[in-house]
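Trainee: I'd like to ask you about the structure that follows.
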Amino acid sequence: MTFNQLDFATYCIGSLSERLGMNQLAVYEKLKRSNILSEYIIPAYNVLHTFSGQYITDELIDCLKEKGELQ
């Protein structure tokens with residue numbers, strides 16, 4: 001993992017945390033448990049980081065819902 005990927009993952013966790021009203025550790029655990037972090041956020045960094053923050057957050061919320069981590 002590169003520094004930019006790590007920085008982006010941290011950004012995603014922080015954005016989701018703020019949007020969902022959850023603490024960052026809980027968001028991290030949901031992303032890790034669902035493999036969204038390792039199978040989507042990190043590998044797709046080159047494409048994802050070009051989108052707006054709102055789009056990224058909405059996309060990740062949809063992913064978490066599909067994986068059963070959010071209702």
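Chain identifiers are assigned as A, B, and so on, following the order in which chains appear in the structure tokens; residues are numbered from 1 within each chain, and ligands are numbered from 1 in order of appearance.
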With only C-alpha atoms as the counted atoms, please give the residues lying no more than 10 Å from A:Glu18, apart from itself and same-chain residues fewer than 5 positions off, as a PyMOL selection string.

Mentor: chain A and resi 12-13+23-24+27+57

Trainee: Do a neighbour search on A:Arg19 at 10 Å with only C-alpha atoms, toss out local chain neighbours closer than 4 positions, and write the hits as a ChimeraX atom specification.

Mentor: /A:13-15,54,57-58,61

Trainee: Between A:Leu64, A:Leu16, A:Ala9, A:Met22, which residue has the minimum interatomic distance to A:Ala44, considering only C-alpha atoms?

Mentor: A:Ala9

Trainee: Going by DSSP on the backbone, which bits of chain A are helix (DSSP H, G or I)? Write them as JSON, numbers by chain, please.

Mentor: {"A": [3, 4, 5, 6, 7, 8, 9, 10, 11, 12, 13, 14, 15, 16, 17, 18, 19, 20, 24, 25, 26, 27, 28, 29, 30, 31, 32, 33, 36, 37, 38, 39, 40, 41, 45, 46, 47, 48, 53, 54, 55, 56, 57, 58, 59, 60, 61, 62, 63, 64, 65, 66]}

Trainee: List the neighbours of A:Ser34 out to 8 Å using only C-alpha atoms; skip same-chain residues closer than 4 positions along the sequence, and give me the result as a list in words.

Mentor: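 Counting only the stated atoms, we get Lys30, Leu64, Lys67 and Glu69 of chain A.
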
Trainee: Store the residues picked out above in a file with N, CA, C and O atoms, as a PDB file, in the first residue's frame.

Mentor:
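This is the output file selection-v1.pdb:
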```
ATOM      1  N   LYS A  30     -16.172  -1.990  10.006  1.00  0.00           N
ATOM      2  CA  LYS A  30     -17.168  -2.380   9.009  1.00  0.00           C
ATOM      3  C   LYS A  30     -16.526  -2.527   7.621  1.00  0.00           C
ATOM      4  O   LYS A  30     -16.812  -3.483   6.895  1.00  0.00           O
ATOM      5  N   LEU A  64     -21.534  -0.717   1.710  1.00  0.00           N
ATOM      6  CA  LEU A  64     -21.759  -1.228   3.062  1.00  0.00           C
ATOM      7  C   LEU A  64     -23.155  -1.816   3.198  1.00  0.00           C
ATOM      8  O   LEU A  64     -23.342  -2.846   3.864  1.00  0.00           O
ATOM      9  N   LYS A  67     -23.265  -5.219   1.513  1.00  0.00           N
ATOM     10  CA  LYS A  67     -22.558  -6.242   2.310  1.00  0.00           C
ATOM     11  C   LYS A  67     -23.239  -6.530   3.635  1.00  0.00           C
ATOM     12  O   LYS A  67     -22.763  -7.345   4.424  1.00  0.00           O
ATOM     13  N   GLU A  69     -23.634  -4.422   6.163  1.00  0.00           N
ATOM     14  CA  GLU A  69     -23.021  -3.718   7.286  1.00  0.00           C
ATOM     15  C   GLU A  69     -23.819  -2.490   7.711  1.00  0.00           C
ATOM     16  O   GLU A  69     -23.593  -1.936   8.769  1.00  0.00           O
TER      17      GLU A  69
END
```
